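Here is coords_26.cif, consisting of mmCIF, N, CA and C atoms:
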```
data_query
#
loop_
_atom_site.label_atom_id
_atom_site.label_comp_id
_atom_site.auth_asym_id
_atom_site.auth_seq_id
_atom_site.Cartn_x
_atom_site.Cartn_y
_atom_site.Cartn_z
N MET A 248 34.81 -18.61 -118.69
CA MET A 248 33.81 -19.07 -117.75
C MET A 248 33.11 -17.84 -117.15
N SER A 249 31.81 -17.92 -117.05
CA SER A 249 31.08 -16.79 -116.49
C SER A 249 31.24 -16.76 -114.97
N ARG A 250 31.07 -15.59 -114.41
CA ARG A 250 31.19 -15.43 -112.96
C ARG A 250 29.95 -15.94 -112.24
N ILE A 251 28.83 -15.91 -112.92
CA ILE A 251 27.58 -16.40 -112.35
C ILE A 251 27.15 -17.59 -113.19
N ALA A 252 27.11 -18.75 -112.59
CA ALA A 252 26.78 -19.96 -113.33
C ALA A 252 25.28 -20.04 -113.60
N PRO A 253 24.91 -20.41 -114.82
CA PRO A 253 23.48 -20.62 -115.11
C PRO A 253 22.98 -21.86 -114.39
N LEU A 254 21.68 -21.91 -114.18
CA LEU A 254 21.07 -23.11 -113.58
C LEU A 254 21.33 -24.31 -114.46
N ASP A 255 21.51 -25.44 -113.82
CA ASP A 255 21.61 -26.71 -114.53
C ASP A 255 20.39 -27.55 -114.17
N PRO A 256 19.94 -28.41 -115.08
CA PRO A 256 18.82 -29.29 -114.75
C PRO A 256 19.24 -30.30 -113.69
N PRO A 257 18.32 -30.84 -112.97
CA PRO A 257 16.88 -30.59 -113.07
C PRO A 257 16.51 -29.25 -112.42
N TYR A 258 15.55 -28.58 -113.04
CA TYR A 258 15.10 -27.28 -112.57
C TYR A 258 13.94 -27.46 -111.60
N ALA A 259 13.76 -26.47 -110.71
CA ALA A 259 12.59 -26.48 -109.84
C ALA A 259 11.35 -26.54 -110.72
N SER A 260 10.29 -27.15 -110.23
CA SER A 260 9.10 -27.37 -111.07
C SER A 260 8.52 -26.08 -111.62
N ASP A 261 8.48 -24.99 -110.83
CA ASP A 261 7.93 -23.74 -111.35
C ASP A 261 8.83 -23.15 -112.44
N VAL A 262 10.14 -23.27 -112.27
CA VAL A 262 11.07 -22.78 -113.29
C VAL A 262 10.94 -23.62 -114.54
N GLN A 263 10.85 -24.94 -114.40
CA GLN A 263 10.68 -25.82 -115.55
C GLN A 263 9.41 -25.48 -116.32
N GLN A 264 8.33 -25.19 -115.60
CA GLN A 264 7.07 -24.82 -116.26
C GLN A 264 7.24 -23.55 -117.08
N HIS A 265 7.94 -22.56 -116.55
CA HIS A 265 8.19 -21.33 -117.30
C HIS A 265 9.05 -21.61 -118.53
N PHE A 266 10.12 -22.40 -118.35
CA PHE A 266 10.97 -22.75 -119.48
C PHE A 266 10.16 -23.47 -120.56
N ASP A 267 9.32 -24.41 -120.15
CA ASP A 267 8.51 -25.16 -121.12
C ASP A 267 7.59 -24.23 -121.90
N ARG A 268 6.98 -23.28 -121.20
CA ARG A 268 6.07 -22.34 -121.87
C ARG A 268 6.83 -21.43 -122.83
N ILE A 269 7.97 -20.94 -122.39
CA ILE A 269 8.75 -20.00 -123.19
C ILE A 269 9.41 -20.69 -124.38
N MET A 270 10.02 -21.83 -124.13
CA MET A 270 10.87 -22.48 -125.13
C MET A 270 10.15 -23.51 -125.99
N ARG A 271 8.95 -23.90 -125.60
CA ARG A 271 8.14 -24.84 -126.38
C ARG A 271 8.91 -26.07 -126.83
N GLY A 272 9.53 -26.75 -125.85
CA GLY A 272 10.19 -28.01 -126.14
C GLY A 272 11.68 -27.92 -126.43
N LYS A 273 12.20 -26.71 -126.59
CA LYS A 273 13.63 -26.55 -126.83
C LYS A 273 14.32 -26.29 -125.50
N PRO A 274 15.61 -26.55 -125.42
CA PRO A 274 16.34 -26.27 -124.17
C PRO A 274 16.31 -24.77 -123.87
N PRO A 275 16.26 -24.41 -122.59
CA PRO A 275 16.22 -22.99 -122.24
C PRO A 275 17.53 -22.29 -122.62
N LEU A 276 17.42 -21.05 -123.08
CA LEU A 276 18.59 -20.26 -123.40
C LEU A 276 19.41 -20.01 -122.14
N VAL A 277 20.71 -19.84 -122.31
CA VAL A 277 21.58 -19.56 -121.18
C VAL A 277 21.11 -18.29 -120.46
N LEU A 278 20.66 -17.29 -121.22
CA LEU A 278 20.15 -16.07 -120.61
C LEU A 278 19.04 -16.38 -119.62
N PHE A 279 18.09 -17.23 -120.00
CA PHE A 279 16.98 -17.57 -119.12
C PHE A 279 17.47 -18.36 -117.91
N ARG A 280 18.43 -19.28 -118.14
CA ARG A 280 18.97 -20.06 -117.04
C ARG A 280 19.73 -19.18 -116.06
N MET A 281 20.38 -18.15 -116.57
CA MET A 281 21.09 -17.20 -115.69
C MET A 281 20.08 -16.40 -114.87
N MET A 282 19.08 -15.87 -115.54
CA MET A 282 18.08 -15.05 -114.84
C MET A 282 17.32 -15.87 -113.80
N ALA A 283 16.96 -17.09 -114.16
CA ALA A 283 16.18 -17.94 -113.26
C ALA A 283 16.97 -18.36 -112.02
N GLY A 284 18.28 -18.22 -112.07
CA GLY A 284 19.10 -18.55 -110.92
C GLY A 284 18.96 -17.55 -109.78
N HIS A 285 18.38 -16.43 -110.08
CA HIS A 285 18.14 -15.40 -109.05
C HIS A 285 16.64 -15.12 -109.06
N PRO A 286 15.90 -15.66 -108.08
CA PRO A 286 14.43 -15.58 -108.12
C PRO A 286 13.88 -14.16 -108.32
N ARG A 287 14.43 -13.17 -107.66
CA ARG A 287 13.90 -11.81 -107.81
C ARG A 287 14.13 -11.29 -109.23
N ALA A 288 15.34 -11.51 -109.76
CA ALA A 288 15.63 -11.06 -111.13
C ALA A 288 14.74 -11.79 -112.14
N TRP A 289 14.54 -13.08 -111.94
CA TRP A 289 13.70 -13.88 -112.84
C TRP A 289 12.27 -13.37 -112.82
N GLU A 290 11.76 -13.09 -111.63
CA GLU A 290 10.38 -12.59 -111.50
C GLU A 290 10.24 -11.23 -112.18
N LYS A 291 11.21 -10.36 -111.98
CA LYS A 291 11.18 -9.04 -112.62
C LYS A 291 11.26 -9.18 -114.14
N PHE A 292 12.11 -10.04 -114.60
CA PHE A 292 12.29 -10.28 -116.03
C PHE A 292 10.98 -10.77 -116.65
N ARG A 293 10.37 -11.77 -116.03
CA ARG A 293 9.10 -12.30 -116.54
C ARG A 293 7.97 -11.31 -116.34
N GLY A 294 7.98 -10.59 -115.23
CA GLY A 294 6.91 -9.65 -114.90
C GLY A 294 6.85 -8.46 -115.83
N ALA A 295 7.94 -8.17 -116.51
CA ALA A 295 7.95 -7.06 -117.45
C ALA A 295 7.32 -7.44 -118.78
N SER A 296 6.82 -8.66 -118.85
CA SER A 296 6.14 -9.17 -120.05
C SER A 296 7.04 -9.20 -121.27
N LEU A 297 8.32 -9.33 -121.06
CA LEU A 297 9.24 -9.42 -122.19
C LEU A 297 9.08 -10.73 -122.95
N LEU A 298 8.47 -11.72 -122.29
CA LEU A 298 8.41 -13.04 -122.89
C LEU A 298 7.02 -13.43 -123.35
N ASP A 299 6.06 -12.51 -123.34
CA ASP A 299 4.74 -12.88 -123.81
C ASP A 299 4.67 -12.72 -125.33
N ARG A 300 3.63 -13.23 -125.92
CA ARG A 300 3.54 -13.23 -127.39
C ARG A 300 3.27 -11.85 -127.96
N GLY A 301 2.57 -10.99 -127.24
CA GLY A 301 2.33 -9.64 -127.72
C GLY A 301 1.39 -9.59 -128.90
N PRO A 302 1.18 -8.39 -129.46
CA PRO A 302 0.21 -8.21 -130.53
C PRO A 302 0.71 -8.57 -131.93
N LEU A 303 2.01 -8.79 -132.08
CA LEU A 303 2.56 -9.12 -133.40
C LEU A 303 2.58 -10.62 -133.59
N SER A 304 2.49 -11.04 -134.85
CA SER A 304 2.65 -12.46 -135.16
C SER A 304 4.11 -12.85 -134.90
N LEU A 305 4.37 -14.14 -134.85
CA LEU A 305 5.73 -14.62 -134.67
C LEU A 305 6.65 -14.03 -135.75
N ARG A 306 6.19 -14.05 -136.98
CA ARG A 306 7.01 -13.54 -138.09
C ARG A 306 7.29 -12.05 -137.91
N GLU A 307 6.25 -11.27 -137.63
CA GLU A 307 6.44 -9.83 -137.45
C GLU A 307 7.39 -9.54 -136.28
N ARG A 308 7.17 -10.26 -135.19
CA ARG A 308 8.02 -10.07 -134.00
C ARG A 308 9.48 -10.36 -134.34
N GLU A 309 9.72 -11.44 -135.04
CA GLU A 309 11.10 -11.81 -135.37
C GLU A 309 11.74 -10.82 -136.33
N ILE A 310 10.98 -10.30 -137.27
CA ILE A 310 11.53 -9.28 -138.17
C ILE A 310 11.96 -8.07 -137.36
N VAL A 311 11.12 -7.63 -136.44
CA VAL A 311 11.44 -6.47 -135.60
C VAL A 311 12.65 -6.76 -134.71
N ILE A 312 12.67 -7.90 -134.07
CA ILE A 312 13.79 -8.25 -133.19
C ILE A 312 15.08 -8.37 -133.98
N ASP A 313 15.04 -9.09 -135.11
CA ASP A 313 16.25 -9.29 -135.90
C ASP A 313 16.79 -7.97 -136.42
N ARG A 314 15.91 -7.11 -136.89
CA ARG A 314 16.36 -5.81 -137.40
C ARG A 314 16.94 -4.95 -136.27
N THR A 315 16.27 -4.95 -135.12
CA THR A 315 16.76 -4.18 -133.98
C THR A 315 18.14 -4.68 -133.55
N CYS A 316 18.28 -6.00 -133.47
CA CYS A 316 19.58 -6.56 -133.10
C CYS A 316 20.66 -6.17 -134.11
N ALA A 317 20.33 -6.25 -135.39
CA ALA A 317 21.30 -5.90 -136.43
C ALA A 317 21.72 -4.44 -136.33
N LEU A 318 20.76 -3.55 -136.14
CA LEU A 318 21.08 -2.12 -136.06
C LEU A 318 21.92 -1.77 -134.85
N ASN A 319 21.82 -2.59 -133.81
CA ASN A 319 22.57 -2.33 -132.58
C ASN A 319 23.80 -3.21 -132.42
N SER A 320 24.15 -3.91 -133.49
CA SER A 320 25.32 -4.80 -133.50
C SER A 320 25.26 -5.86 -132.39
N CYS A 321 24.08 -6.35 -132.13
CA CYS A 321 23.88 -7.41 -131.13
C CYS A 321 23.94 -8.76 -131.84
N GLU A 322 25.15 -9.14 -132.24
CA GLU A 322 25.33 -10.35 -133.04
C GLU A 322 24.84 -11.60 -132.33
N TYR A 323 25.13 -11.71 -131.04
CA TYR A 323 24.73 -12.90 -130.30
C TYR A 323 23.21 -13.04 -130.30
N GLU A 324 22.51 -11.99 -129.91
CA GLU A 324 21.05 -12.05 -129.82
C GLU A 324 20.43 -12.26 -131.20
N TRP A 325 20.98 -11.59 -132.22
CA TRP A 325 20.51 -11.78 -133.59
C TRP A 325 20.65 -13.26 -133.98
N GLY A 326 21.82 -13.83 -133.69
CA GLY A 326 22.06 -15.22 -134.03
C GLY A 326 21.13 -16.18 -133.30
N VAL A 327 20.87 -15.90 -132.03
CA VAL A 327 19.95 -16.73 -131.26
C VAL A 327 18.57 -16.70 -131.91
N HIS A 328 18.10 -15.51 -132.25
CA HIS A 328 16.75 -15.40 -132.83
C HIS A 328 16.67 -16.02 -134.21
N VAL A 329 17.66 -15.78 -135.05
CA VAL A 329 17.64 -16.37 -136.39
C VAL A 329 17.67 -17.89 -136.30
N THR A 330 18.51 -18.41 -135.41
CA THR A 330 18.63 -19.86 -135.26
C THR A 330 17.40 -20.47 -134.62
N ALA A 331 16.90 -19.85 -133.55
CA ALA A 331 15.80 -20.44 -132.79
C ALA A 331 14.44 -20.21 -133.43
N PHE A 332 14.25 -19.07 -134.10
CA PHE A 332 12.91 -18.71 -134.57
C PHE A 332 12.81 -18.43 -136.07
N GLY A 333 13.93 -18.32 -136.76
CA GLY A 333 13.90 -17.96 -138.18
C GLY A 333 13.06 -18.90 -139.03
N ALA A 334 13.23 -20.19 -138.84
CA ALA A 334 12.47 -21.16 -139.64
C ALA A 334 10.99 -21.10 -139.28
N ALA A 335 10.68 -21.03 -137.99
CA ALA A 335 9.27 -20.97 -137.57
C ALA A 335 8.60 -19.69 -138.08
N ALA A 336 9.38 -18.62 -138.19
CA ALA A 336 8.85 -17.36 -138.70
C ALA A 336 8.83 -17.32 -140.23
N LYS A 337 9.31 -18.40 -140.84
CA LYS A 337 9.35 -18.53 -142.30
C LYS A 337 10.16 -17.41 -142.96
N LEU A 338 11.30 -17.09 -142.34
CA LEU A 338 12.21 -16.11 -142.92
C LEU A 338 13.13 -16.82 -143.90
N SER A 339 13.16 -16.32 -145.14
CA SER A 339 14.04 -16.91 -146.15
C SER A 339 15.48 -16.47 -145.88
N GLU A 340 16.40 -17.14 -146.53
CA GLU A 340 17.81 -16.77 -146.41
C GLU A 340 18.01 -15.31 -146.85
N GLU A 341 17.32 -14.91 -147.90
CA GLU A 341 17.41 -13.53 -148.39
C GLU A 341 16.88 -12.55 -147.33
N GLN A 342 15.80 -12.89 -146.67
CA GLN A 342 15.23 -12.02 -145.65
C GLN A 342 16.13 -11.94 -144.42
N VAL A 343 16.69 -13.07 -144.01
CA VAL A 343 17.62 -13.05 -142.88
C VAL A 343 18.79 -12.12 -143.21
N HIS A 344 19.33 -12.25 -144.40
CA HIS A 344 20.42 -11.38 -144.85
C HIS A 344 19.98 -9.91 -144.84
N ALA A 345 18.77 -9.66 -145.29
CA ALA A 345 18.26 -8.29 -145.38
C ALA A 345 18.05 -7.65 -144.01
N THR A 346 17.85 -8.45 -142.96
CA THR A 346 17.71 -7.84 -141.63
C THR A 346 18.98 -7.11 -141.23
N VAL A 347 20.10 -7.53 -141.80
CA VAL A 347 21.39 -6.90 -141.49
C VAL A 347 21.82 -5.94 -142.60
N HIS A 348 21.69 -6.37 -143.85
CA HIS A 348 22.28 -5.63 -144.95
C HIS A 348 21.28 -4.92 -145.86
N GLY A 349 20.00 -5.13 -145.67
CA GLY A 349 19.00 -4.53 -146.54
C GLY A 349 18.43 -3.25 -145.97
N ASN A 350 17.55 -2.64 -146.75
CA ASN A 350 16.83 -1.48 -146.24
C ASN A 350 15.35 -1.82 -146.17
N ALA A 351 14.58 -0.90 -145.66
CA ALA A 351 13.15 -1.15 -145.46
C ALA A 351 12.41 -1.42 -146.77
N ASN A 352 12.94 -0.94 -147.87
CA ASN A 352 12.27 -1.11 -149.15
C ASN A 352 12.74 -2.33 -149.93
N ALA A 353 13.52 -3.20 -149.30
CA ALA A 353 14.00 -4.39 -149.99
C ALA A 353 12.81 -5.20 -150.52
N GLU A 354 12.95 -5.69 -151.73
CA GLU A 354 11.85 -6.39 -152.40
C GLU A 354 11.48 -7.72 -151.74
N CYS A 355 12.32 -8.22 -150.87
CA CYS A 355 12.01 -9.51 -150.24
C CYS A 355 10.93 -9.36 -149.17
N TRP A 356 10.59 -8.13 -148.78
CA TRP A 356 9.59 -7.89 -147.75
C TRP A 356 8.25 -7.51 -148.36
N SER A 357 7.18 -7.91 -147.70
CA SER A 357 5.84 -7.48 -148.11
C SER A 357 5.69 -6.00 -147.75
N PRO A 358 4.69 -5.32 -148.28
CA PRO A 358 4.50 -3.91 -147.93
C PRO A 358 4.33 -3.68 -146.41
N VAL A 359 3.62 -4.57 -145.74
CA VAL A 359 3.45 -4.41 -144.29
C VAL A 359 4.78 -4.61 -143.57
N GLU A 360 5.56 -5.58 -144.01
CA GLU A 360 6.87 -5.81 -143.40
C GLU A 360 7.80 -4.64 -143.66
N GLN A 361 7.69 -4.02 -144.81
CA GLN A 361 8.49 -2.82 -145.09
C GLN A 361 8.16 -1.70 -144.11
N VAL A 362 6.88 -1.57 -143.78
CA VAL A 362 6.45 -0.55 -142.81
C VAL A 362 7.06 -0.85 -141.44
N LEU A 363 7.03 -2.11 -141.03
CA LEU A 363 7.62 -2.49 -139.74
C LEU A 363 9.11 -2.16 -139.69
N ILE A 364 9.82 -2.53 -140.74
CA ILE A 364 11.26 -2.28 -140.78
C ILE A 364 11.55 -0.78 -140.80
N ALA A 365 10.77 -0.03 -141.56
CA ALA A 365 10.95 1.42 -141.58
C ALA A 365 10.72 2.02 -140.19
N ALA A 366 9.75 1.49 -139.46
CA ALA A 366 9.48 1.98 -138.10
C ALA A 366 10.66 1.66 -137.18
N VAL A 367 11.18 0.45 -137.27
CA VAL A 367 12.35 0.08 -136.47
C VAL A 367 13.53 1.00 -136.80
N ASP A 368 13.76 1.22 -138.09
CA ASP A 368 14.87 2.07 -138.51
C ASP A 368 14.70 3.50 -137.99
N ALA A 369 13.49 4.03 -138.09
CA ALA A 369 13.23 5.40 -137.61
C ALA A 369 13.41 5.50 -136.10
N LEU A 370 12.88 4.52 -135.38
CA LEU A 370 13.02 4.55 -133.92
C LEU A 370 14.47 4.42 -133.50
N GLN A 371 15.24 3.63 -134.22
CA GLN A 371 16.67 3.50 -133.92
C GLN A 371 17.39 4.82 -134.21
N ALA A 372 17.07 5.43 -135.32
CA ALA A 372 17.78 6.64 -135.74
C ALA A 372 17.38 7.88 -134.95
N ARG A 373 16.06 8.00 -134.64
CA ARG A 373 15.58 9.26 -134.06
C ARG A 373 14.77 9.08 -132.78
N ALA A 374 14.51 7.85 -132.38
CA ALA A 374 13.70 7.56 -131.19
C ALA A 374 12.28 8.10 -131.29
N THR A 375 11.81 8.30 -132.51
CA THR A 375 10.44 8.76 -132.73
C THR A 375 10.03 8.44 -134.16
N LEU A 376 8.74 8.50 -134.42
CA LEU A 376 8.22 8.36 -135.78
C LEU A 376 7.68 9.70 -136.21
N ASP A 377 7.94 10.08 -137.45
CA ASP A 377 7.32 11.30 -137.95
C ASP A 377 5.87 10.99 -138.31
N ASP A 378 5.11 12.00 -138.71
CA ASP A 378 3.68 11.80 -138.99
C ASP A 378 3.44 10.77 -140.09
N ALA A 379 4.24 10.80 -141.14
CA ALA A 379 4.07 9.86 -142.24
C ALA A 379 4.38 8.43 -141.80
N GLU A 380 5.43 8.25 -141.02
CA GLU A 380 5.79 6.92 -140.53
C GLU A 380 4.72 6.39 -139.59
N PHE A 381 4.21 7.26 -138.72
CA PHE A 381 3.16 6.84 -137.80
C PHE A 381 1.89 6.47 -138.57
N ALA A 382 1.54 7.25 -139.57
CA ALA A 382 0.35 6.96 -140.38
C ALA A 382 0.51 5.63 -141.11
N ALA A 383 1.69 5.37 -141.65
CA ALA A 383 1.93 4.11 -142.35
C ALA A 383 1.80 2.93 -141.40
N LEU A 384 2.35 3.06 -140.21
CA LEU A 384 2.25 1.99 -139.22
C LEU A 384 0.82 1.82 -138.74
N SER A 385 0.14 2.93 -138.51
CA SER A 385 -1.26 2.90 -138.04
C SER A 385 -2.22 2.32 -139.05
N ALA A 386 -1.85 2.35 -140.32
CA ALA A 386 -2.70 1.76 -141.35
C ALA A 386 -2.79 0.23 -141.21
N HIS A 387 -1.82 -0.35 -140.52
CA HIS A 387 -1.78 -1.80 -140.38
C HIS A 387 -1.93 -2.29 -138.95
N TYR A 388 -1.65 -1.41 -137.97
CA TYR A 388 -1.66 -1.82 -136.56
C TYR A 388 -2.40 -0.77 -135.74
N ASP A 389 -3.14 -1.25 -134.73
CA ASP A 389 -3.85 -0.29 -133.86
C ASP A 389 -2.97 0.10 -132.68
#
```
Is it possible to give me this structure as structure tokens?
Amino acid sequence: MSRIAPLDPPYASDVQQHFDRIMRGKPPLVLFRMMAGHPRAWEKFRGASLLDRGPLSLREREIVIDRTCALNSCEYEWGVHVTAFGAAAKLSEEQVHATVHGNANAECWSPVEQVLIAAVDALQARATLDDAEFAALSAHYD
């Protein structure tokens, strides 16, 4: 049992509106219910724009998140994303497997997706991109 209980429904109307926007009809994640239980923490969490759509497509975002989770041994978060967003992101079983066990050059990825994965791998390994990695990423993203 956790020391801090997540919110249980019914949620305050403003919290419900945020959950509806974030989860698009699915039940809110326990993480969100925990954060929303503390108004200041919830506001900071949402205010950091961690939950906005950003410049990447859903598929690109999920590839980056899944790979980052795999490289950092974040099994729970990886599982949440694969379960909640894998189908919507049109990730095949082979691609889901490759987020953990493949490399950036795995044939299941498109050339642009290979660039994304290589960037994630480089940032994880060295916290920077070399000139070639930056040029490859810049060829597809501004």
Query raised in the report: Taking into account only C-alpha atoms, which residue in the set A:Arg373, A:Arg314, A:His328, A:Lys337 is nearest to Asn350 (chain A)?
Result: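 Nearest candidate to Asn350 (chain A) out of A:Arg373, A:Arg314, A:His328, A:Lys337: A:Arg314.
With all atoms listed in the file taken into account, the protein and nucleic acid residues at most 7 Å from Leu363 (chain A) (excluding it and anything under 4 positions from it in its own chain) are Ile310, Val311, Pro358, Val359, Val367, Asp368 and Leu384 of chain A.
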Report summary line: Students should find that CA of Phe332 (chain A) and atom N of Phe279 (chain A) are spaced 15.5 Å
Requested in this report: Would you work out the distance separating atom N of Tyr388 (chain A) from CA of Ala317 (chain A), expressed in Å to one decimal?
Outcome: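 Rounded to one decimal, the two atoms are 23.4 Å apart.
If you apply the PyMOL selection byres (((chain A and resi 265-272 and name CA) around 10) and name CA) to this structure, you end up with Tyr258, Ser260, Asp261, Val262, Gln263, Gln264, Lys273, Pro274, Pro275, Leu276, Phe279, Arg280, Ala283, Arg293, Leu298, Asp299, Arg300 and Ala331 of chain A.
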Can you spit out the residues from that selection as a short mmCIF file (atom, residue, chain, number, x, y, z; two decimals), keeping the file's coordinate frame, using N, CA and C atoms?
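The result, written out as again13.cif:
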```
data_model
loop_
_atom_site.label_atom_id
_atom_site.label_comp_id
_atom_site.auth_asym_id
_atom_site.auth_seq_id
_atom_site.Cartn_x
_atom_site.Cartn_y
_atom_site.Cartn_z
N TYR A 258 15.55 -28.58 -113.04
CA TYR A 258 15.10 -27.28 -112.57
C TYR A 258 13.94 -27.46 -111.60
N SER A 260 10.29 -27.15 -110.23
CA SER A 260 9.10 -27.37 -111.07
C SER A 260 8.52 -26.08 -111.62
N ASP A 261 8.48 -24.99 -110.83
CA ASP A 261 7.93 -23.74 -111.35
C ASP A 261 8.83 -23.15 -112.44
N VAL A 262 10.14 -23.27 -112.27
CA VAL A 262 11.07 -22.78 -113.29
C VAL A 262 10.94 -23.62 -114.54
N GLN A 263 10.85 -24.94 -114.40
CA GLN A 263 10.68 -25.82 -115.55
C GLN A 263 9.41 -25.48 -116.32
N GLN A 264 8.33 -25.19 -115.60
CA GLN A 264 7.07 -24.82 -116.26
C GLN A 264 7.24 -23.55 -117.08
N LYS A 273 12.20 -26.71 -126.59
CA LYS A 273 13.63 -26.55 -126.83
C LYS A 273 14.32 -26.29 -125.50
N PRO A 274 15.61 -26.55 -125.42
CA PRO A 274 16.34 -26.27 -124.17
C PRO A 274 16.31 -24.77 -123.87
N PRO A 275 16.26 -24.41 -122.59
CA PRO A 275 16.22 -22.99 -122.24
C PRO A 275 17.53 -22.29 -122.62
N LEU A 276 17.42 -21.05 -123.08
CA LEU A 276 18.59 -20.26 -123.40
C LEU A 276 19.41 -20.01 -122.14
N PHE A 279 18.09 -17.23 -120.00
CA PHE A 279 16.98 -17.57 -119.12
C PHE A 279 17.47 -18.36 -117.91
N ARG A 280 18.43 -19.28 -118.14
CA ARG A 280 18.97 -20.06 -117.04
C ARG A 280 19.73 -19.18 -116.06
N ALA A 283 16.96 -17.09 -114.16
CA ALA A 283 16.18 -17.94 -113.26
C ALA A 283 16.97 -18.36 -112.02
N ARG A 293 10.37 -11.77 -116.03
CA ARG A 293 9.10 -12.30 -116.54
C ARG A 293 7.97 -11.31 -116.34
N LEU A 298 8.47 -11.72 -122.29
CA LEU A 298 8.41 -13.04 -122.89
C LEU A 298 7.02 -13.43 -123.35
N ASP A 299 6.06 -12.51 -123.34
CA ASP A 299 4.74 -12.88 -123.81
C ASP A 299 4.67 -12.72 -125.33
N ARG A 300 3.63 -13.23 -125.92
CA ARG A 300 3.54 -13.23 -127.39
C ARG A 300 3.27 -11.85 -127.96
N ALA A 331 16.90 -19.85 -133.55
CA ALA A 331 15.80 -20.44 -132.79
C ALA A 331 14.44 -20.21 -133.43
#
```
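For the atom pair formed by CA of Ser357 (chain A) and CA of Ala335 (chain A), the distance is 17.5 Å, given to one decimal.
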Report task. As a PyMOL selection string, please: all residues of chain A that backbone DSSP puts in alpha helix (DSSP H). Result -> chain A and resi 260-270+277-283+286-294+305-318+322-332+340-348+358-373+378-385
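Comparing the minimum interatomic distances between Cys316 (chain A) and each of A:Ala374, A:Ala386, A:Val347, A:Leu303, counting all atoms listed in the file, we find that A:Val347 sits nearest.
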Requested in this report: With a distance cut-off of 12 Å and only C-alpha atoms, select the neighbouring residues of Ser339 (chain A), excluding the residue or stretch itself and same-chain residues fewer than 5 positions from it, and output the selection as a ChimeraX atom specification.
Outcome: /A:306,310,329,332-334,344-346,355-356
Expand the PyMOL selection byres ((chain A and resi 253) around 6) into the individual residues it matches in the shown file, reporting them as a short mmCIF file (atom, residue, chain, number, x, y, z; two decimals) with N, CA and C atoms, in the coordinates of the input.
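Once written, selection-v9.cif looks like this:
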```cif
data_model
loop_
_atom_site.label_atom_id
_atom_site.label_comp_id
_atom_site.auth_asym_id
_atom_site.auth_seq_id
_atom_site.Cartn_x
_atom_site.Cartn_y
_atom_site.Cartn_z
N ILE A 251 28.83 -15.91 -112.92
CA ILE A 251 27.58 -16.40 -112.35
C ILE A 251 27.15 -17.59 -113.19
N ALA A 252 27.11 -18.75 -112.59
CA ALA A 252 26.78 -19.96 -113.33
C ALA A 252 25.28 -20.04 -113.60
N LEU A 254 21.68 -21.91 -114.18
CA LEU A 254 21.07 -23.11 -113.58
C LEU A 254 21.33 -24.31 -114.46
N ASP A 255 21.51 -25.44 -113.82
CA ASP A 255 21.61 -26.71 -114.53
C ASP A 255 20.39 -27.55 -114.17
N ARG A 280 18.43 -19.28 -118.14
CA ARG A 280 18.97 -20.06 -117.04
C ARG A 280 19.73 -19.18 -116.06
N MET A 281 20.38 -18.15 -116.57
CA MET A 281 21.09 -17.20 -115.69
C MET A 281 20.08 -16.40 -114.87
#
```
Requested in this report: Just the residues within 8 Å of Glu307 (chain A), please, counting only N, CA and C atoms, with nothing from its chain fewer than 6 positions along; format it as a PyMOL selection string.
Outcome: chain A and resi 313+336+360+363
Take the residues from that selection and put them in a file with N, CA and C atoms, as a JSON list (two decimals), in the frame of the given file.
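See out_38.json below for the written result:
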```json
[["chain", "number", "residue", "atom", "x", "y", "z"],
["A", 313, "ASP", "N", 15.04, -9.09, -135.11],
["A", 313, "ASP", "CA", 16.25, -9.29, -135.90],
["A", 313, "ASP", "C", 16.79, -7.97, -136.42],
["A", 336, "ALA", "N", 9.38, -18.62, -138.19],
["A", 336, "ALA", "CA", 8.85, -17.36, -138.70],
["A", 336, "ALA", "C", 8.83, -17.32, -140.23],
["A", 360, "GLU", "N", 5.56, -5.58, -144.01],
["A", 360, "GLU", "CA", 6.87, -5.81, -143.40],
["A", 360, "GLU", "C", 7.80, -4.64, -143.66],
["A", 363, "LEU", "N", 7.03, -2.11, -141.03],
["A", 363, "LEU", "CA", 7.62, -2.49, -139.74],
["A", 363, "LEU", "C", 9.11, -2.16, -139.69]]
```
